[in-house]
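Working notes, beginning with the structure itself.
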Amino acid sequence: MTTSQPAADPATLPSSAAPAAITAPAHAREIPFSRPSLSALETRAVATALRTARIGGNGPICKRVQQKIASQLGVRHALLAPNATQAMEMGLLALGIGPGDEVLMPSFAFVSQANAILQRGATPVFCEIDPATMNMDAADAAKRVGPRTKLVMPVHYGGVPADLDALGKLAADHKLALYEDAAQAFGSTWNGKPVGAIGRAGCVSFHETKNVTSGEGGALLTNDDEFARRCELIQEKGTNRAAFLRGEVDKYTWVSPGGSYVMSDLLAALLEVQVQRAAALQKSRFSLWQTYYTGLADLEQKGFLKRPVVPAQAKHNAHTFWFRTSTPQQQRKLLAHLNGVGIQARFHFQPLHASPYARQTLKLAQSLPITEREADCLVRLPLHAQVRKRDAQWVVEETRKALASA
């Protein structure tokens with residue numbers, strides 16, 4: 001069972017998503033669902049990179065930012081990538097995942113995770129979620145372990161860590177690797193340790209919808225030195241170029257499988273400022289999250305909705321605020337009302353196991369009733385640095401009005 005954290009240290013969840021079913025008309029007062037927080041500092045950093053011609057991949061700015069991320073998150077290694085999907089692919093290649101292997105993952109997840117697994121020739125095995133957190137259910141995952149299972153790949157949905165105690169035990173009991181999709185969880189922790197590197201490795205995202213952004217971007221995190229060395233080779237197209245630049249070899253050459261998984265220094269210049277501003281950005285998000293959390297408490301008591309739960313072992317990053325309505329019909333009416341008054345509320349992931357590609361191409365005939373039900377009831381509210389407290393209070397008022405009338 002998942003236990004609640006005190007309201008003073010609340011929970012949160014996802015980011016970018018499918019567009020709302022209703023397109024809001026122009027209003028005198030509109031609140032966008034997501035908006036990056038950019039300042040003159042980012043502008044100056046990018047301009048400086050341009051003036052010094054620092055725009056290529058994996059240059060000195062990238063190296064500096066990798067060190068800053070590793071230091072800030074308390075992990076041994078952070079390797080920047082063009083996006084979290086490619087960071088994920090880099091890790092799967094380094095883990096040796098290939099044809100015939102199976103990877104346990106939640107069906108309630110972004111499609112990039114399943115695509116990265118399929119690219120390796122492996123098969124995603126979709127698991128149920130815990131409705132309290134919308135994270136992968138370890139007990140259900142345990143039932144799906146088979147002779148070809150090689151990897152457990154949970155998502156830290158919306159920045160709230162999955163149950164890494166239970167999932168870690170599952171992996172250890174069956175001699176599986178634990179690889180975390182922490183795309184939404186930059187700065188979140190489990191038992192005081194940064195998620196993304198509690199298992200063998202994990203990845204974070206710096207997409208424009210994330211707490212810390214470079215527009216597009218990601219990073220692979222790990223505390224495993226040997227694993228990081230393999231990823232470094234893969235990141236640089238399968239060459240030992242990084243070792244050459246450190247003066248460890250007199251020339252570099254092709255030494256392993258690989259790809260072009262490097263971030264441009266131009267984007268890294270923007271990201272460096274965002275990483276420096278991360279604490280202030282997160283403080284603002286926590287304040288708004290708490291406004292939503294406390295403002296909707298009585299609606300939960302009356303049975304209109306269920307707020308997110310943060311496990312006691314977790315500290316989340318206030319990535320977004322979500323709740324579940326009582327029925328899918330309520331969800332649709334609420335989204336229509338909020339978008340109709342200029343509040344860009346959203347649903348989120350459509351379960352992957354029930355998607356056209358899974359049904360028609362992968363030939364899956366799977367039923368995950370908990371995932372299907374909860375996904376159809378999920379609502380996410382605007383949460384970013386530009387949302388003011390009075391805006392959040394207005395969102396609460398409109399939510400209350402819509403659910404009362406429903």
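Residues in the structure tokens are numbered from 1 in each chain, the chains being A, B, ... in the order shown, and ligands are numbered from 1 in the order shown.
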Polymer residues at most 9 Å from region 265-280 of chain A, only C-alpha atoms, same-chain spacing of 5 or more positions, as a ChimeraX atom specification: /A:37-38,41-50,53-65,68-69,72,80,82,187,206,211-217,285
Mind dumping a table of every region 92-193 of chain A residue within 12 Å of region 349-364 of chain A, with the nearest atom pair and its distance in Å to one decimal, using only C-alpha atoms, sorted by chain and rising number, as JSON lines?
{"residue": "A:Met105", "atom": "CA", "partner": "A:Leu352", "partner_atom": "CA", "distance": 10.3}
{"residue": "A:Pro106", "atom": "CA", "partner": "A:Leu352", "partner_atom": "CA", "distance": 8.5}
{"residue": "A:Ser107", "atom": "CA", "partner": "A:Leu352", "partner_atom": "CA", "distance": 5.0}
{"residue": "A:Phe108", "atom": "CA", "partner": "A:Pro351", "partner_atom": "CA", "distance": 4.9}
{"residue": "A:Ala109", "atom": "CA", "partner": "A:Phe349", "partner_atom": "CA", "distance": 6.1}
{"residue": "A:Phe110", "atom": "CA", "partner": "A:Phe349", "partner_atom": "CA", "distance": 6.3}
{"residue": "A:Val111", "atom": "CA", "partner": "A:Leu352", "partner_atom": "CA", "distance": 7.0}
{"residue": "A:Ser112", "atom": "CA", "partner": "A:Leu352", "partner_atom": "CA", "distance": 10.6}
{"residue": "A:Gln113", "atom": "CA", "partner": "A:Leu352", "partner_atom": "CA", "distance": 10.2}
{"residue": "A:Ala114", "atom": "CA", "partner": "A:Leu352", "partner_atom": "CA", "distance": 8.3}
{"residue": "A:Asn115", "atom": "CA", "partner": "A:Leu352", "partner_atom": "CA", "distance": 10.7}
{"residue": "A:Leu118", "atom": "CA", "partner": "A:Leu362", "partner_atom": "CA", "distance": 10.2}
{"residue": "A:Ala122", "atom": "CA", "partner": "A:Leu362", "partner_atom": "CA", "distance": 11.8}
{"residue": "A:Thr123", "atom": "CA", "partner": "A:Leu362", "partner_atom": "CA", "distance": 9.2}
{"residue": "A:Pro124", "atom": "CA", "partner": "A:His353", "partner_atom": "CA", "distance": 9.5}
{"residue": "A:Val125", "atom": "CA", "partner": "A:His353", "partner_atom": "CA", "distance": 8.9}
{"residue": "A:Phe126", "atom": "CA", "partner": "A:His353", "partner_atom": "CA", "distance": 6.6}
{"residue": "A:Cys127", "atom": "CA", "partner": "A:His353", "partner_atom": "CA", "distance": 9.1}
{"residue": "A:Glu128", "atom": "CA", "partner": "A:Pro351", "partner_atom": "CA", "distance": 10.0}
{"residue": "A:Ile129", "atom": "CA", "partner": "A:Pro351", "partner_atom": "CA", "distance": 10.6}
{"residue": "A:Met134", "atom": "CA", "partner": "A:Phe349", "partner_atom": "CA", "distance": 10.7}
{"residue": "A:Tyr157", "atom": "CA", "partner": "A:Phe349", "partner_atom": "CA", "distance": 10.5}
{"residue": "A:Gly158", "atom": "CA", "partner": "A:Phe349", "partner_atom": "CA", "distance": 11.4}
DSSP helix (DSSP H, G or I) residues within region 100-284 of chain A, listed as a PyMOL selection string: chain A and resi 111-119+138-143+157-159+164-173+225-235+241-245+265-284
Region 163-273 of chain A: residues DSSP assigns to strand (DSSP E), reported as a ChimeraX atom specification: /A:177-181,189-190,193-194,201-205,218-222
Contact residues around Phe321 (chain A) with only C-alpha atoms at 12 Å, ignoring same-chain residues under 4 positions, as number ranges by chain: A: 10-15, 33-34, 133, 157-160, 285-294, 296, 306-310, 316-317, 345-348, 378-384, 392, 395-396
Selected residue, from A:Glu208, A:Asp101, A:Glu226, A:Glu89, that lies nearest to Tyr179 (chain A) when counting only C-alpha atoms: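 Closest residue, counting only C-alpha atoms: A:Glu89.
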Non-local contacts of Asp163 (chain A) (10 Å; only C-alpha atoms; under 2 positions in same chain excluded) as a list in words: Met1, Thr2, Asp130, Thr133, Asn135, Met136, Asp137, Ala138, Pro154, His156, Val160, Pro161, Asp165, Ala166, Leu167, Gly168, Trp190, Pro311, Gln313 and Ala314 of chain A
Expected file contents, prior selection, N, CA and C atoms, as a PDB file, in the first residue's frame:
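Full text of part-v9.pdb as output:
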ATOM      1  N   MET A   1       0.846  -1.199   0.000  1.00  0.00           N
ATOM      2  CA  MET A   1       0.000   0.000   0.000  1.00  0.00           C
ATOM      3  C   MET A   1       0.885   1.255   0.000  1.00  0.00           C
ATOM      4  N   THR A   2       0.377   2.300  -0.618  1.00  0.00           N
ATOM      5  CA  THR A   2       1.091   3.570  -0.646  1.00  0.00           C
ATOM      6  C   THR A   2       0.629   4.436   0.507  1.00  0.00           C
ATOM      7  N   ASP A 130      -0.387   1.677  -9.816  1.00  0.00           N
ATOM      8  CA  ASP A 130      -1.006   1.982  -8.535  1.00  0.00           C
ATOM      9  C   ASP A 130      -1.764   3.298  -8.712  1.00  0.00           C
ATOM     10  N   THR A 133      -0.541   6.801  -7.163  1.00  0.00           N
ATOM     11  CA  THR A 133       0.598   7.540  -7.714  1.00  0.00           C
ATOM     12  C   THR A 133       0.648   7.506  -9.234  1.00  0.00           C
ATOM     13  N   ASN A 135       1.966   5.209 -10.783  1.00  0.00           N
ATOM     14  CA  ASN A 135       3.242   4.563 -11.061  1.00  0.00           C
ATOM     15  C   ASN A 135       3.077   3.048 -11.158  1.00  0.00           C
ATOM     16  N   MET A 136       4.075   2.411 -11.714  1.00  0.00           N
ATOM     17  CA  MET A 136       4.094   0.973 -11.956  1.00  0.00           C
ATOM     18  C   MET A 136       3.848   0.188 -10.668  1.00  0.00           C
ATOM     19  N   ASP A 137       2.953  -0.784 -10.742  1.00  0.00           N
ATOM     20  CA  ASP A 137       2.601  -1.622  -9.595  1.00  0.00           C
ATOM     21  C   ASP A 137       3.563  -2.805  -9.545  1.00  0.00           C
ATOM     22  N   ALA A 138       4.386  -2.867  -8.498  1.00  0.00           N
ATOM     23  CA  ALA A 138       5.407  -3.904  -8.399  1.00  0.00           C
ATOM     24  C   ALA A 138       4.797  -5.293  -8.294  1.00  0.00           C
ATOM     25  N   PRO A 154      10.626   1.230 -14.572  1.00  0.00           N
ATOM     26  CA  PRO A 154       9.521   2.053 -14.069  1.00  0.00           C
ATOM     27  C   PRO A 154       9.617   3.497 -14.539  1.00  0.00           C
ATOM     28  N   HIS A 156       8.807   7.420 -13.187  1.00  0.00           N
ATOM     29  CA  HIS A 156       8.511   8.241 -12.013  1.00  0.00           C
ATOM     30  C   HIS A 156       7.519   9.308 -12.473  1.00  0.00           C
ATOM     31  N   VAL A 160       6.897  12.077  -9.079  1.00  0.00           N
ATOM     32  CA  VAL A 160       6.743  11.294  -7.845  1.00  0.00           C
ATOM     33  C   VAL A 160       7.396   9.927  -8.065  1.00  0.00           C
ATOM     34  N   PRO A 161       8.421   9.576  -7.294  1.00  0.00           N
ATOM     35  CA  PRO A 161       9.105   8.315  -7.523  1.00  0.00           C
ATOM     36  C   PRO A 161       8.195   7.109  -7.378  1.00  0.00           C
ATOM     37  N   ASP A 165      11.714   0.577  -3.530  1.00  0.00           N
ATOM     38  CA  ASP A 165      12.005  -0.525  -2.611  1.00  0.00           C
ATOM     39  C   ASP A 165      11.442  -1.827  -3.183  1.00  0.00           C
ATOM     40  N   ALA A 166      10.161  -1.803  -3.539  1.00  0.00           N
ATOM     41  CA  ALA A 166       9.509  -3.004  -4.064  1.00  0.00           C
ATOM     42  C   ALA A 166      10.059  -3.382  -5.434  1.00  0.00           C
ATOM     43  N   LEU A 167      10.257  -2.388  -6.300  1.00  0.00           N
ATOM     44  CA  LEU A 167      10.758  -2.684  -7.641  1.00  0.00           C
ATOM     45  C   LEU A 167      12.219  -3.125  -7.601  1.00  0.00           C
ATOM     46  N   GLY A 168      12.996  -2.555  -6.685  1.00  0.00           N
ATOM     47  CA  GLY A 168      14.373  -2.992  -6.520  1.00  0.00           C
ATOM     48  C   GLY A 168      14.458  -4.423  -6.032  1.00  0.00           C
ATOM     49  N   TRP A 190      14.244   9.300  -3.546  1.00  0.00           N
ATOM     50  CA  TRP A 190      13.617   8.176  -2.860  1.00  0.00           C
ATOM     51  C   TRP A 190      14.542   7.785  -1.709  1.00  0.00           C
ATOM     52  N   PRO A 311       4.406   8.848  -1.652  1.00  0.00           N
ATOM     53  CA  PRO A 311       4.885   7.892  -0.647  1.00  0.00           C
ATOM     54  C   PRO A 311       5.775   8.571   0.397  1.00  0.00           C
ATOM     55  N   GLN A 313       8.506   7.735   1.569  1.00  0.00           N
ATOM     56  CA  GLN A 313       9.940   7.678   1.253  1.00  0.00           C
ATOM     57  C   GLN A 313      10.342   8.668   0.173  1.00  0.00           C
ATOM     58  N   ALA A 314       9.352   9.340  -0.423  1.00  0.00           N
ATOM     59  CA  ALA A 314       9.619  10.135  -1.617  1.00  0.00           C
ATOM     60  C   ALA A 314       9.650  11.630  -1.338  1.00  0.00           C
TER      61      ALA A 314
END
From A:Ala297, A:Leu151, A:Ala318, A:Leu170, residue lying nearest Gln184 (chain A) [only C-alpha atoms]: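 So, comparing all the options, the nearest one is A:Ala318.
Residue nearest Gln393 (chain A) within the list A:Arg144, A:Ile343, A:Cys203, A:Leu73: A:Ile343 [criterion: smallest interatomic distance, only C-alpha atoms].
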Selection: 10 Å around Ala243 (chain A), only C-alpha atoms, excl. self and same-chain fewer than 6 positions, as an mmCIF file with N, CA and C atoms, in the first residue's frame:
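selection_23.cif, freshly written:
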data_model
loop_
_atom_site.group_PDB
_atom_site.id
_atom_site.type_symbol
_atom_site.label_atom_id
_atom_site.label_comp_id
_atom_site.auth_asym_id
_atom_site.auth_seq_id
_atom_site.Cartn_x
_atom_site.Cartn_y
_atom_site.Cartn_z
ATOM 1 N N ARG A 229 31.318 4.228 -18.475
ATOM 2 C CA ARG A 229 32.369 4.130 -19.489
ATOM 3 C C ARG A 229 31.793 3.577 -20.793
ATOM 4 N N GLU A 232 29.728 6.232 -22.447
ATOM 5 C CA GLU A 232 30.566 7.280 -23.033
ATOM 6 C C GLU A 232 31.022 6.889 -24.435
ATOM 7 N N LEU A 233 31.362 5.609 -24.630
ATOM 8 C CA LEU A 233 31.749 5.121 -25.953
ATOM 9 C C LEU A 233 30.569 5.183 -26.914
ATOM 10 N N VAL A 249 44.541 8.411 -24.691
ATOM 11 C CA VAL A 249 45.025 7.667 -25.859
ATOM 12 C C VAL A 249 45.547 8.691 -26.864
ATOM 13 N N ASP A 250 46.445 8.257 -27.757
ATOM 14 C CA ASP A 250 47.060 9.204 -28.692
ATOM 15 C C ASP A 250 46.243 9.411 -29.961
ATOM 16 N N LYS A 251 45.218 8.605 -30.180
ATOM 17 C CA LYS A 251 44.294 8.782 -31.305
ATOM 18 C C LYS A 251 43.016 8.033 -30.960
ATOM 19 N N TYR A 252 41.926 8.411 -31.585
ATOM 20 C CA TYR A 252 40.683 7.709 -31.272
ATOM 21 C C TYR A 252 40.175 6.950 -32.479
#
Shortest interatomic distance to Asp376 (chain A) - which of A:Gln119, A:Arg388, A:Lys401, A:Pro328, counting only C-alpha atoms: A:Pro328
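Taking CA of Ala242 (chain A) as the reference point, CA of Gly258 (chain A) is found at 13.2 Å.
Atom to atom, CA of Arg230 (chain A) and CA of Lys169 (chain A) stand 25.4 Å apart.
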Residue nearest Lys150 (chain A) - candidates A:Ala197, A:Ala404, A:Leu95, A:Ala185, atoms counted: only C-alpha atoms: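 Looking only at the distances to Lys150 (chain A), the closest residue turns out to be A:Leu95.
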Distance criterion (only C-alpha atoms): nearest to Phe304 (chain A) out of A:Val155, A:Ala228, A:Cys377, A:Met88: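 Using only C-alpha atoms, Phe304 (chain A) sits closest to A:Cys377.
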